[in-house]
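This is start16.cif (mmCIF, C-alpha atoms and all ligand atoms).
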data_start
loop_
_atom_site.group_PDB
_atom_site.id
_atom_site.type_symbol
_atom_site.label_atom_id
_atom_site.label_comp_id
_atom_site.auth_asym_id
_atom_site.auth_seq_id
_atom_site.Cartn_x
_atom_site.Cartn_y
_atom_site.Cartn_z
ATOM 1 C CA MET A 264 -11.961 10.841 -23.957
ATOM 2 C CA ASP A 265 -15.394 11.653 -25.329
ATOM 3 C CA ARG A 266 -16.459 15.185 -25.965
ATOM 4 C CA ALA A 267 -19.068 15.381 -23.182
ATOM 5 C CA LEU A 268 -16.467 14.270 -20.649
ATOM 6 C CA GLY A 269 -13.939 16.821 -21.897
ATOM 7 C CA ASP A 270 -16.515 19.590 -21.773
ATOM 8 C CA PHE A 271 -17.683 18.643 -18.311
ATOM 9 C CA ILE A 272 -14.201 18.538 -16.853
ATOM 10 C CA GLN A 273 -13.260 21.805 -18.427
ATOM 11 C CA GLN A 274 -16.400 23.535 -17.175
ATOM 12 C CA ALA A 275 -16.237 22.050 -13.705
ATOM 13 C CA PHE A 276 -12.511 22.522 -13.330
ATOM 14 C CA GLU A 277 -12.084 25.923 -14.943
ATOM 15 C CA VAL A 278 -14.224 27.442 -12.256
ATOM 16 C CA ASP A 279 -11.563 26.333 -9.811
ATOM 17 C CA ALA A 280 -10.880 29.974 -9.224
ATOM 18 C CA ALA A 281 -14.595 30.477 -8.667
ATOM 19 C CA VAL A 282 -15.156 27.996 -5.846
ATOM 20 C CA TRP A 283 -15.415 30.932 -3.493
ATOM 21 C CA ASP A 284 -17.881 32.612 -5.768
ATOM 22 C CA GLU A 285 -21.580 31.821 -5.482
ATOM 23 C CA ASP A 286 -22.317 32.061 -9.194
ATOM 24 C CA GLY A 287 -19.323 29.875 -10.014
ATOM 25 C CA VAL A 288 -20.432 27.127 -7.648
ATOM 26 C CA ARG A 289 -24.033 27.366 -8.856
ATOM 27 C CA ASP A 290 -22.731 26.859 -12.395
ATOM 28 C CA ILE A 291 -20.919 23.662 -11.381
ATOM 29 C CA ALA A 292 -23.965 22.423 -9.497
ATOM 30 C CA ALA A 293 -26.105 22.808 -12.607
ATOM 31 C CA LYS A 294 -23.951 20.376 -14.623
ATOM 32 C CA VAL A 295 -24.647 16.684 -14.789
ATOM 33 C CA ALA A 296 -21.505 14.562 -14.601
ATOM 34 C CA PRO A 297 -21.214 12.102 -17.498
ATOM 35 C CA ALA A 298 -21.238 8.437 -16.496
ATOM 36 C CA SER A 299 -17.634 7.911 -17.599
ATOM 37 C CA LEU A 300 -16.321 10.457 -15.099
ATOM 38 C CA GLY A 301 -16.185 8.112 -12.138
ATOM 39 C CA GLY A 302 -14.504 5.316 -14.041
ATOM 40 C CA LEU A 303 -15.243 1.881 -12.650
ATOM 41 C CA THR A 304 -16.454 3.260 -9.366
ATOM 42 C CA ASN A 305 -19.058 5.721 -10.543
ATOM 43 C CA TRP A 306 -21.706 3.816 -8.581
ATOM 44 C CA LEU A 307 -19.681 3.964 -5.364
ATOM 45 C CA LEU A 308 -18.933 7.667 -5.632
ATOM 46 C CA ARG A 309 -22.552 8.512 -6.386
ATOM 47 C CA GLY A 310 -24.054 6.049 -3.932
ATOM 48 C CA ASP A 311 -21.934 7.352 -1.077
ATOM 49 C CA ILE A 312 -22.599 11.017 -1.805
ATOM 50 C CA ASN A 313 -26.352 10.368 -1.932
ATOM 51 C CA HIS A 314 -26.209 8.523 1.366
ATOM 52 C CA LEU A 315 -24.166 11.284 2.959
ATOM 53 C CA TRP A 316 -26.543 13.892 1.627
ATOM 54 C CA ALA A 317 -29.516 12.045 3.105
ATOM 55 C CA ARG A 318 -27.686 11.705 6.441
ATOM 56 C CA TRP A 319 -26.899 15.405 6.542
ATOM 57 C CA PHE A 320 -30.477 16.285 5.709
ATOM 58 C CA LEU A 321 -31.887 14.082 8.469
ATOM 59 C CA GLU A 322 -29.402 15.224 11.075
ATOM 60 C CA GLY A 323 -30.045 18.782 9.967
ATOM 61 C CA LEU A 324 -33.697 18.422 10.931
ATOM 62 C CA ALA A 325 -32.791 17.333 14.457
ATOM 63 C CA ASP A 326 -29.333 16.757 15.865
ATOM 64 C CA PRO A 327 -29.377 13.127 17.102
ATOM 65 C CA LEU A 328 -26.791 13.757 19.799
ATOM 66 C CA PRO A 329 -29.106 14.806 22.671
ATOM 67 C CA TYR A 330 -31.271 11.751 22.001
ATOM 68 C CA LEU A 331 -28.381 9.357 22.447
ATOM 69 C CA GLU A 332 -28.253 10.208 26.113
ATOM 70 C CA GLY A 333 -31.876 9.239 26.385
ATOM 71 C CA THR A 334 -32.939 12.502 27.973
ATOM 72 C CA GLN A 335 -35.256 13.353 25.087
ATOM 73 C CA GLN A 336 -38.123 11.222 23.881
ATOM 74 C CA TYR A 337 -39.687 10.282 20.570
ATOM 75 C CA ALA A 338 -42.440 12.883 20.798
ATOM 76 C CA HIS A 339 -39.816 15.554 21.294
ATOM 77 C CA LEU A 340 -37.897 14.368 18.240
ATOM 78 C CA TYR A 341 -41.081 14.287 16.203
ATOM 79 C CA LYS A 342 -41.866 17.857 17.189
ATOM 80 C CA ARG A 343 -38.360 18.968 16.210
ATOM 81 C CA VAL A 344 -38.560 17.265 12.827
ATOM 82 C CA SER A 345 -42.061 18.502 12.254
ATOM 83 C CA ASP A 346 -41.157 22.111 13.119
ATOM 84 C CA ALA A 347 -38.096 21.961 10.888
ATOM 85 C CA LEU A 348 -40.204 20.666 8.025
ATOM 86 C CA ALA A 349 -42.789 23.383 8.561
ATOM 87 C CA SER A 350 -40.182 25.944 7.666
ATOM 88 C CA ASP A 351 -38.326 23.803 5.079
ATOM 89 C CA ALA A 352 -41.256 22.130 3.405
ATOM 90 C CA GLY A 353 -43.920 24.645 4.312
ATOM 91 C CA LEU A 354 -45.428 24.461 0.858
ATOM 92 C CA LEU A 355 -46.429 20.833 1.248
ATOM 93 C CA PRO A 356 -50.061 20.241 2.138
ATOM 94 C CA ALA A 357 -50.422 19.684 5.902
ATOM 95 C CA ASP A 358 -51.302 15.989 5.680
ATOM 96 C CA GLU A 359 -48.334 15.203 3.427
ATOM 97 C CA ARG A 360 -46.070 17.143 5.744
ATOM 98 C CA THR A 361 -47.311 15.160 8.726
ATOM 99 C CA GLN A 362 -46.659 11.922 6.882
ATOM 100 C CA LEU A 363 -43.183 13.024 5.880
ATOM 101 C CA ALA A 364 -42.387 14.165 9.438
ATOM 102 C CA SER A 365 -43.481 10.859 10.854
ATOM 103 C CA ARG A 366 -41.461 8.887 8.308
ATOM 104 C CA LEU A 367 -38.292 10.901 8.821
ATOM 105 C CA THR A 368 -38.635 10.834 12.609
ATOM 106 C CA LYS A 369 -38.861 7.053 12.451
ATOM 107 C CA LEU A 370 -35.666 6.882 10.391
ATOM 108 C CA LEU A 371 -33.812 9.097 12.826
ATOM 109 C CA TRP A 372 -35.203 7.337 15.865
ATOM 110 C CA ARG A 373 -34.314 3.938 14.544
ATOM 111 C CA LYS A 374 -30.741 5.066 14.128
ATOM 112 C CA ILE A 375 -30.691 6.531 17.625
ATOM 113 C CA GLY A 376 -32.593 3.617 19.164
ATOM 114 C CA ARG A 377 -30.110 1.136 17.783
ATOM 115 C CA LEU A 378 -27.346 3.180 19.307
ATOM 116 C CA GLU A 379 -28.777 2.692 22.758
ATOM 117 C CA VAL A 380 -28.797 -1.082 22.487
ATOM 118 C CA GLY A 381 -25.574 -1.154 20.542
ATOM 119 C CA ARG A 382 -23.138 -0.987 23.434
ATOM 120 C CA ARG A 383 -19.866 -2.721 22.712
ATOM 121 C CA VAL A 384 -19.917 -6.288 23.869
ATOM 122 C CA VAL A 385 -16.995 -8.616 24.211
ATOM 123 C CA ALA A 386 -17.694 -11.668 22.114
ATOM 124 C CA ASP A 387 -17.466 -14.750 24.328
ATOM 125 C CA ARG A 388 -15.303 -17.727 23.411
ATOM 126 C CA GLU A 389 -18.163 -19.603 21.816
ATOM 127 C CA THR A 390 -18.973 -16.671 19.544
ATOM 128 C CA ARG A 391 -15.293 -16.287 18.714
ATOM 129 C CA LEU A 392 -14.935 -19.931 17.751
ATOM 130 C CA PHE A 393 -18.049 -19.711 15.650
ATOM 131 C CA LEU A 394 -16.796 -16.608 13.854
ATOM 132 C CA TRP A 395 -13.347 -18.132 13.421
ATOM 133 C CA GLU A 396 -14.831 -21.093 11.582
ATOM 134 C CA LEU A 397 -16.831 -18.823 9.320
ATOM 135 C CA TYR A 398 -14.046 -16.342 8.625
ATOM 136 C CA PRO A 399 -10.518 -17.783 8.508
ATOM 137 C CA ARG A 400 -9.449 -14.563 6.741
ATOM 138 C CA CYS A 401 -9.962 -10.858 7.287
ATOM 139 C CA TRP A 402 -13.342 -10.223 5.683
ATOM 140 C CA VAL A 403 -12.100 -6.878 4.309
ATOM 141 C CA CYS A 404 -8.648 -7.584 2.832
ATOM 142 C CA GLY A 405 -8.647 -11.376 2.731
ATOM 143 C CA ALA A 406 -5.410 -11.712 4.724
ATOM 144 C CA GLU A 407 -5.017 -15.100 6.341
ATOM 145 C CA PHE A 408 -4.681 -14.962 10.108
ATOM 146 C CA SER A 409 -1.466 -16.300 11.602
ATOM 147 C CA ASP A 410 -1.237 -19.070 14.196
ATOM 148 C CA TRP A 411 -0.194 -16.482 16.731
ATOM 149 C CA ALA A 412 -3.212 -14.291 15.965
ATOM 150 C CA ARG A 413 -5.537 -17.264 16.130
ATOM 151 C CA ALA A 414 -4.207 -18.455 19.495
ATOM 152 C CA ALA A 415 -4.406 -14.943 20.936
ATOM 153 C CA PHE A 416 -7.933 -14.500 19.634
ATOM 154 C CA LEU A 417 -9.199 -17.783 21.004
ATOM 155 C CA GLY A 418 -7.201 -17.542 24.222
ATOM 156 C CA GLU A 419 -5.227 -20.714 23.500
ATOM 157 C CA GLU A 420 -1.661 -21.704 24.332
ATOM 158 C CA SER A 421 0.704 -21.410 21.387
ATOM 159 C CA ASP A 422 4.412 -21.542 20.600
ATOM 160 C CA ALA A 423 3.914 -19.219 17.623
ATOM 161 C CA GLU A 424 5.992 -16.053 17.984
ATOM 162 C CA PRO A 425 4.214 -12.726 17.614
ATOM 163 C CA ARG A 426 6.163 -10.869 14.960
ATOM 164 C CA THR A 427 5.611 -8.367 12.198
ATOM 165 C CA PRO A 428 6.691 -9.247 8.641
ATOM 166 C CA PRO A 429 10.036 -7.811 7.423
ATOM 167 C CA PHE A 430 8.356 -6.319 4.328
ATOM 168 C CA VAL A 431 5.071 -4.499 4.266
ATOM 169 C CA ASP A 432 2.718 -3.008 1.693
ATOM 170 C CA PHE A 433 3.997 0.491 1.027
ATOM 171 C CA TYR A 434 0.549 1.644 -0.069
ATOM 172 C CA THR A 435 -1.373 0.509 2.977
ATOM 173 C CA SER A 436 1.324 0.053 5.682
ATOM 174 C CA ARG A 437 -0.628 -2.915 7.024
ATOM 175 C CA GLY A 438 1.739 -5.001 9.157
ATOM 176 C CA VAL A 439 3.981 -2.255 10.488
ATOM 177 C CA LYS A 440 2.504 -2.791 13.937
ATOM 178 C CA LEU A 441 1.757 -6.097 15.594
ATOM 179 C CA LEU A 442 -1.731 -4.738 16.307
ATOM 180 C CA ASP A 443 -2.396 -4.742 12.543
ATOM 181 C CA LEU A 444 -2.182 -8.517 12.464
ATOM 182 C CA ARG A 445 -4.492 -9.302 15.337
ATOM 183 C CA ILE A 446 -7.878 -10.852 14.803
ATOM 184 C CA GLU A 447 -10.673 -8.535 15.821
ATOM 185 C CA VAL A 448 -14.408 -8.875 15.895
ATOM 186 C CA GLU A 449 -15.676 -6.318 13.452
ATOM 187 C CA HIS A 450 -19.097 -4.724 13.366
ATOM 188 C CA VAL A 451 -19.975 -4.350 9.699
ATOM 189 C CA VAL A 452 -22.306 -1.478 10.551
ATOM 190 C CA ALA A 453 -20.468 0.352 13.323
ATOM 191 C CA HIS A 454 -21.906 0.650 16.824
ATOM 192 C CA SER A 455 -22.002 4.386 16.572
ATOM 193 C CA SER A 456 -24.134 4.110 13.441
ATOM 194 C CA GLY A 457 -26.611 1.863 15.142
ATOM 195 C CA GLY A 458 -25.053 -1.488 14.149
ATOM 196 C CA SER A 459 -26.098 -4.404 16.325
ATOM 197 C CA SER A 460 -23.931 -6.974 18.074
ATOM 198 C CA LEU A 461 -25.941 -9.834 16.630
ATOM 199 C CA LEU A 462 -24.093 -12.370 14.524
ATOM 200 C CA HIS A 463 -25.342 -11.100 11.192
ATOM 201 C CA ASN A 464 -23.480 -7.843 11.822
ATOM 202 C CA LEU A 465 -20.230 -9.451 12.978
ATOM 203 C CA ARG A 466 -17.201 -10.541 10.953
ATOM 204 C CA LEU A 467 -13.543 -11.097 11.688
ATOM 205 C CA ALA A 468 -11.125 -8.454 10.467
ATOM 206 C CA CYS A 469 -7.424 -7.904 10.858
ATOM 207 C CA GLY A 470 -6.456 -5.142 13.272
ATOM 208 C CA TRP A 471 -5.427 -2.821 10.453
ATOM 209 C CA CYS A 472 -8.695 -3.032 8.521
ATOM 210 C CA ASN A 473 -10.747 -2.825 11.699
ATOM 211 C CA ARG A 474 -8.915 0.252 12.945
ATOM 212 C CA VAL A 475 -8.966 2.036 9.592
ATOM 213 C CA LYS A 476 -12.628 1.281 8.969
ATOM 214 C CA SER A 477 -13.569 2.334 12.498
ATOM 215 C CA ASN A 478 -17.034 3.871 12.473
ATOM 216 C CA ARG A 479 -16.728 5.363 8.995
ATOM 217 C CA ALA A 480 -19.009 4.147 6.261
ATOM 218 C CA LEU A 481 -18.706 6.313 3.159
ATOM 219 C CA ILE A 482 -15.878 7.282 0.805
ATOM 220 C CA TYR A 483 -16.454 10.876 1.869
ATOM 221 C CA ASP A 484 -16.005 10.133 5.565
ATOM 222 C CA ALA A 485 -12.225 10.244 5.011
ATOM 223 C CA GLU A 486 -10.167 13.311 4.289
ATOM 224 C CA GLY A 487 -10.236 13.929 0.588
ATOM 225 C CA ALA A 488 -6.599 13.862 -0.438
ATOM 226 C CA PRO A 489 -4.052 11.140 -1.094
ATOM 227 C CA ARG A 490 -0.974 11.249 1.104
ATOM 228 C CA VAL A 491 2.625 11.485 0.014
ATOM 229 C CA ARG A 492 5.159 9.007 1.329
ATOM 230 C CA LYS A 493 8.799 8.463 0.421
ATOM 231 C CA HIS A 494 9.390 5.153 -1.333
ATOM 232 C CA PRO A 495 12.943 3.761 -1.021
ATOM 233 C CA THR A 496 13.439 3.469 -4.789
ATOM 234 C CA LEU A 497 10.665 5.556 -6.364
ATOM 235 C CA GLY A 498 11.014 8.632 -4.197
ATOM 236 C CA PRO A 499 7.889 10.586 -3.215
ATOM 237 C CA VAL A 500 4.761 8.618 -4.123
ATOM 238 C CA SER A 501 1.080 9.328 -3.434
ATOM 239 C CA VAL A 502 -0.567 6.622 -1.367
ATOM 240 C CA PRO A 503 -4.337 6.346 -0.984
ATOM 241 C CA GLN A 504 -6.216 7.318 2.137
ATOM 242 C CA PRO A 505 -6.320 4.110 4.226
ATOM 243 C CA PHE A 506 -10.085 4.327 4.554
ATOM 244 C CA TRP A 507 -10.484 4.387 0.774
ATOM 245 C CA VAL A 508 -8.465 1.167 0.620
ATOM 246 C CA VAL A 509 -10.760 -0.494 3.120
ATOM 247 C CA ARG A 510 -13.930 0.832 1.483
ATOM 248 C CA PHE A 511 -12.868 -0.490 -1.929
ATOM 249 C CA LEU A 512 -11.766 -3.866 -0.590
ATOM 250 C CA ALA A 513 -14.932 -4.371 1.441
ATOM 251 C CA MET A 514 -17.223 -3.297 -1.393
ATOM 252 C CA ARG A 515 -15.566 -5.181 -4.258
ATOM 253 C CA GLY A 516 -14.041 -8.190 -2.517
ATOM 254 C CA ARG A 517 -12.590 -9.462 -5.788
ATOM 255 C CA CYS A 518 -9.698 -8.813 -8.136
ATOM 256 C CA GLU A 519 -10.858 -6.331 -10.764
ATOM 257 C CA ASP A 520 -8.291 -7.202 -13.391
ATOM 258 C CA PRO A 521 -9.982 -7.023 -16.810
ATOM 259 C CA SER A 522 -8.862 -10.593 -17.526
ATOM 260 C CA GLY A 523 -11.708 -11.751 -15.278
ATOM 261 C CA CYS A 524 -9.575 -13.054 -12.414
ATOM 262 C CA ALA A 525 -11.107 -15.468 -9.917
ATOM 263 C CA ALA A 526 -9.329 -14.111 -6.811
ATOM 264 C CA ARG A 527 -11.732 -13.195 -3.983
ATOM 265 C CA THR A 528 -11.130 -12.006 -0.452
ATOM 266 C CA SER A 529 -12.753 -15.243 0.714
ATOM 267 C CA SER A 530 -9.697 -17.122 -0.592
ATOM 268 C CA ASP A 531 -6.956 -14.569 -1.360
ATOM 269 C CA GLU A 532 -5.347 -11.529 0.182
ATOM 270 C CA LEU A 533 -6.151 -8.546 -2.023
ATOM 271 C CA THR A 534 -5.089 -4.927 -2.073
ATOM 272 C CA VAL A 535 -5.707 -1.815 -4.150
ATOM 273 C CA ALA A 536 -3.680 -0.180 -6.901
ATOM 274 C CA PRO A 537 -4.206 2.843 -9.102
ATOM 275 C CA ARG A 538 -5.938 1.782 -12.343
ATOM 276 C CA ASN A 539 -3.637 4.170 -14.179
ATOM 277 C CA ILE A 540 -0.357 3.749 -12.339
ATOM 278 C CA HIS A 541 0.773 7.222 -13.294
ATOM 279 C CA GLY A 542 -2.380 8.738 -11.825
ATOM 280 C CA ALA A 543 -3.075 9.714 -8.218
ATOM 281 C CA PRO A 544 -4.591 6.926 -6.087
ATOM 282 C CA ASN A 545 -7.933 8.641 -5.504
ATOM 283 C CA PRO A 546 -11.387 6.988 -5.596
ATOM 284 C CA ALA A 547 -11.794 7.653 -9.338
ATOM 285 C CA ASN A 548 -8.583 5.738 -10.025
ATOM 286 C CA LEU A 549 -8.452 2.783 -7.632
ATOM 287 C CA ILE A 550 -9.023 -0.877 -8.390
ATOM 288 C CA VAL A 551 -8.839 -3.985 -6.240
ATOM 289 C CA VAL A 552 -6.097 -6.377 -7.341
ATOM 290 C CA CYS A 553 -4.644 -9.748 -6.433
ATOM 291 C CA ARG A 554 -0.914 -10.311 -6.152
ATOM 292 C CA GLU A 555 -0.648 -11.658 -9.676
ATOM 293 C CA HIS A 556 -2.472 -8.734 -11.281
ATOM 294 C CA ASP A 557 -0.934 -6.065 -9.112
ATOM 295 C CA PRO A 558 0.711 -3.479 -11.390
ATOM 296 C CA LEU A 559 2.822 -2.436 -8.394
ATOM 297 C CA ARG A 560 3.966 -5.903 -7.351
ATOM 298 C CA ASP A 561 7.651 -5.148 -7.967
ATOM 299 C CA VAL A 562 7.667 -2.066 -5.778
ATOM 300 C CA ARG A 563 4.824 -2.632 -3.338
ATOM 301 C CA LEU A 564 6.675 -4.410 -0.553
ATOM 302 C CA VAL A 565 9.277 -2.402 1.307
ATOM 303 C CA ALA A 566 11.171 -2.867 4.544
ATOM 304 C CA SER A 567 8.893 -1.603 7.274
ATOM 305 C CA LYS A 568 11.490 0.966 8.416
ATOM 306 C CA PHE A 569 10.516 3.019 5.332
ATOM 307 C CA ILE A 570 6.987 3.456 6.588
ATOM 308 C CA PRO A 571 6.217 5.966 9.315
ATOM 309 C CA ARG A 572 4.717 4.276 12.314
HETATM 310 ZN ZN ZN B 601 -7.638 -6.872 6.747
HETATM 311 ZN ZN ZN B 602 -6.243 -11.118 -10.163
#
Can the structure in the file be given as structure tokens, please?
Ligand SMILES: [Zn+2]
Ligand SMILES: [Zn+2]
Amino acid sequence: MDRALGDFIQQAFEVDAAVWDEDGVRDIAAKVAPASLGGLTNWLLRGDINHLWARWFLEGLADPLPYLEGTQQYAHLYKRVSDALASDAGLLPADERTQLASRLTKLLWRKIGRLEVGRRVVADRETRLFLWELYPRCWVCGAEFSDWARAAFLGEESDAEPRTPPFVDFYTSRGVKLLDLRIEVEHVVAHSSGGSSLLHNLRLACGWCNRVKSNRALIYDAEGAPRVRKHPTLGPVSVPQPFWVVRFLAMRGRCEDPSGCAARTSSDELTVAPRNIHGAPNPANLIVVCREHDPLRDVRLVASKFIPR
């Protein structure tokens, strides 16, 4: 551990007691986190927080909710944004402020406008067949779809029995319910975030990934703590937030073993594991792994009765 990292952690962490103290929090805010802090996923942690920050700022200028109903118009939104900027960015010269207001209103409006056209549509059989040929696996986790799932998805007759596997991934619990194994049409950018129903925004996902991803987009959209679950042989073990699993799988899509493994979600089912297996499975300590490079492969699969439904 280099010195800058040690110093940063000590300074940021020692004020733990001061998180309810303005000066303490201001002190933390003034520090710059060293690059090594986020491990392999520094870029994801920083990228997501910046995006979230921008979203909060925009929505703080004008709450998009009333505009979704269509009762308020663009000019109204512009006035709201412009008024908010007059108090927030009052020091900007008037012409720059006008430009900024117009730019930010457009960003907000585009998001809202897409929402209006983005009603959920049921993909017709032709679209389903097309997607099926493009994506024979869940685009997030790489799981292959079963014959049963395929027949159900395409509305075809099949003798394949719908059944859940006897052993499931203790860390994700995918497969405990039959719903987890279904094939679902997934909107990469969720409807509620303005994602369209055009083909470029559609993929096929398993029911588990689709449900867990839902309309969330950023690491920080999930509750920020791992969960504890009782493993049949290991006892209490922290398991990652399901959304973190999905976010990592969808963003990396490949085994991150340092050996330079070739496994990809386009051809293999992948999952996540803690990089340091003795560490908590939080976003600073997760990697995407294939079965072969899974440090937890001996303990990962458990009888599904050990996983709460
Ligand atoms: Zn999946
Ligand atoms: Zn691998």
Worksheet item: Expanded to explicit residues, what is the PyMOL selection byres (((chain A and resi 482-493) around 10) and not hetatm) for this file, as a ChimeraX atom specification?
Response: /A:307-312,315,433-434,475-476,478-481,494-511,543-546,569-571
Worksheet entry | Expected selection from the PyMOL selection byres (((chain A and resi 367) around 12) and not hetatm), given as a ChimeraX atom specification | /A:317-318,320-325,337,340-345,347-348,360-366,368-374
Go ahead and write the selection's residues with C-alpha atoms as a JSON list (two decimals), keeping the file's coordinate frame.
[["chain", "number", "residue", "atom", "x", "y", "z"],
["A", 317, "ALA", "CA", -29.52, 12.04, 3.10],
["A", 318, "ARG", "CA", -27.69, 11.70, 6.44],
["A", 320, "PHE", "CA", -30.48, 16.28, 5.71],
["A", 321, "LEU", "CA", -31.89, 14.08, 8.47],
["A", 322, "GLU", "CA", -29.40, 15.22, 11.08],
["A", 323, "GLY", "CA", -30.04, 18.78, 9.97],
["A", 324, "LEU", "CA", -33.70, 18.42, 10.93],
["A", 325, "ALA", "CA", -32.79, 17.33, 14.46],
["A", 337, "TYR", "CA", -39.69, 10.28, 20.57],
["A", 340, "LEU", "CA", -37.90, 14.37, 18.24],
["A", 341, "TYR", "CA", -41.08, 14.29, 16.20],
["A", 342, "LYS", "CA", -41.87, 17.86, 17.19],
["A", 343, "ARG", "CA", -38.36, 18.97, 16.21],
["A", 344, "VAL", "CA", -38.56, 17.26, 12.83],
["A", 345, "SER", "CA", -42.06, 18.50, 12.25],
["A", 347, "ALA", "CA", -38.10, 21.96, 10.89],
["A", 348, "LEU", "CA", -40.20, 20.67, 8.02],
["A", 360, "ARG", "CA", -46.07, 17.14, 5.74],
["A", 361, "THR", "CA", -47.31, 15.16, 8.73],
["A", 362, "GLN", "CA", -46.66, 11.92, 6.88],
["A", 363, "LEU", "CA", -43.18, 13.02, 5.88],
["A", 364, "ALA", "CA", -42.39, 14.16, 9.44],
["A", 365, "SER", "CA", -43.48, 10.86, 10.85],
["A", 366, "ARG", "CA", -41.46, 8.89, 8.31],
["A", 368, "THR", "CA", -38.64, 10.83, 12.61],
["A", 369, "LYS", "CA", -38.86, 7.05, 12.45],
["A", 370, "LEU", "CA", -35.67, 6.88, 10.39],
["A", 371, "LEU", "CA", -33.81, 9.10, 12.83],
["A", 372, "TRP", "CA", -35.20, 7.34, 15.86],
["A", 373, "ARG", "CA", -34.31, 3.94, 14.54],
["A", 374, "LYS", "CA", -30.74, 5.07, 14.13]]
Fill in: Gap from CA of Asp270 (chain A) to CA of Trp316 (chain A) - Å, one decimal
26.1 Å
Item to complete: Could you please extract the residues within 8 Å of ligand ZN 601 (chain B), counting all atoms listed in the file, and hand them back as JSON, numbers by chain?
Response: {"A": [400, 401, 402, 403, 404, 405, 406, 468, 469, 470, 471, 472, 473, 509]}
Write the residues of the selection above to a file with C-alpha atoms, as a compact mmCIF listing (two decimals), keeping the file's coordinate frame.
# COMPACT_ATOMS: atom_id res chain seq x y z
CA ARG A 400 -9.45 -14.56 6.74
CA CYS A 401 -9.96 -10.86 7.29
CA TRP A 402 -13.34 -10.22 5.68
CA VAL A 403 -12.10 -6.88 4.31
CA CYS A 404 -8.65 -7.58 2.83
CA GLY A 405 -8.65 -11.38 2.73
CA ALA A 406 -5.41 -11.71 4.72
CA ALA A 468 -11.12 -8.45 10.47
CA CYS A 469 -7.42 -7.90 10.86
CA GLY A 470 -6.46 -5.14 13.27
CA TRP A 471 -5.43 -2.82 10.45
CA CYS A 472 -8.70 -3.03 8.52
CA ASN A 473 -10.75 -2.82 11.70
CA VAL A 509 -10.76 -0.49 3.12
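Against this structure, the PyMOL selection byres (((chain A and resi 286-297) around 8) and not hetatm) ends up with A:Ala267, A:Leu268, A:Phe271, A:Gln274, A:Ala275, A:Val278, A:Ala281, A:Val282, A:Trp283, A:Asp284, A:Glu285, A:Ala298, A:Ser299, A:Leu300.
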Practice prompt. Could you give me, as number ranges by chain, every polymer residue with an atom at most 10 Å away from an atom of ligand ZN 602 (chain B), counting all atoms listed in the file?
Written response: A: 517-527, 531, 533, 551-557
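Between CA of Phe393 (chain A) and CA of Glu424 (chain A) the separation is 24.4 Å.
A straight line drawn from CA of Gly438 (chain A) to CA of Arg426 (chain A) is 9.4 Å long.
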Practice prompt. Compare A:Leu549, A:Leu444, A:Val431, A:Met514 by their minimum atom-to-atom distance to Val562 (chain A), counting only C-alpha atoms, and give me the closest one.
Written response: A:Val431
Please check which residues have atoms at most 8 Å from (-14.1, -12.1, 10.9) in the file's coordinates, counting only C-alpha atoms, and write them as a short mmCIF file (atom, residue, chain, number, x, y, z; two decimals) with C-alpha atoms, in the frame of the given file.
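Contents of part.cif, freshly written:
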data_model
loop_
_atom_site.label_atom_id
_atom_site.label_comp_id
_atom_site.auth_asym_id
_atom_site.auth_seq_id
_atom_site.Cartn_x
_atom_site.Cartn_y
_atom_site.Cartn_z
CA LEU A 394 -16.80 -16.61 13.85
CA TRP A 395 -13.35 -18.13 13.42
CA LEU A 397 -16.83 -18.82 9.32
CA TYR A 398 -14.05 -16.34 8.62
CA PRO A 399 -10.52 -17.78 8.51
CA ARG A 400 -9.45 -14.56 6.74
CA CYS A 401 -9.96 -10.86 7.29
CA TRP A 402 -13.34 -10.22 5.68
CA ILE A 446 -7.88 -10.85 14.80
CA GLU A 447 -10.67 -8.54 15.82
CA VAL A 448 -14.41 -8.88 15.90
CA GLU A 449 -15.68 -6.32 13.45
CA LEU A 465 -20.23 -9.45 12.98
CA ARG A 466 -17.20 -10.54 10.95
CA LEU A 467 -13.54 -11.10 11.69
CA ALA A 468 -11.12 -8.45 10.47
CA CYS A 469 -7.42 -7.90 10.86
#
Exercise on region 333-340 of chain A, axis-aligned box with 4 Å per side, report centre and edge lengths in Å to one decimal, as lines of an AutoDock Vina configuration file:
center_x = -37.2
center_y = 12.4
center_z = 23.1
size_x = 18.6
size_y = 14.3
size_z = 17.7
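Using only C-alpha atoms for every distance, the candidate list A:Val451, A:Asp432, A:Leu461, A:Gly516 yields A:Asp432 as the residue closest to Val565 (chain A).
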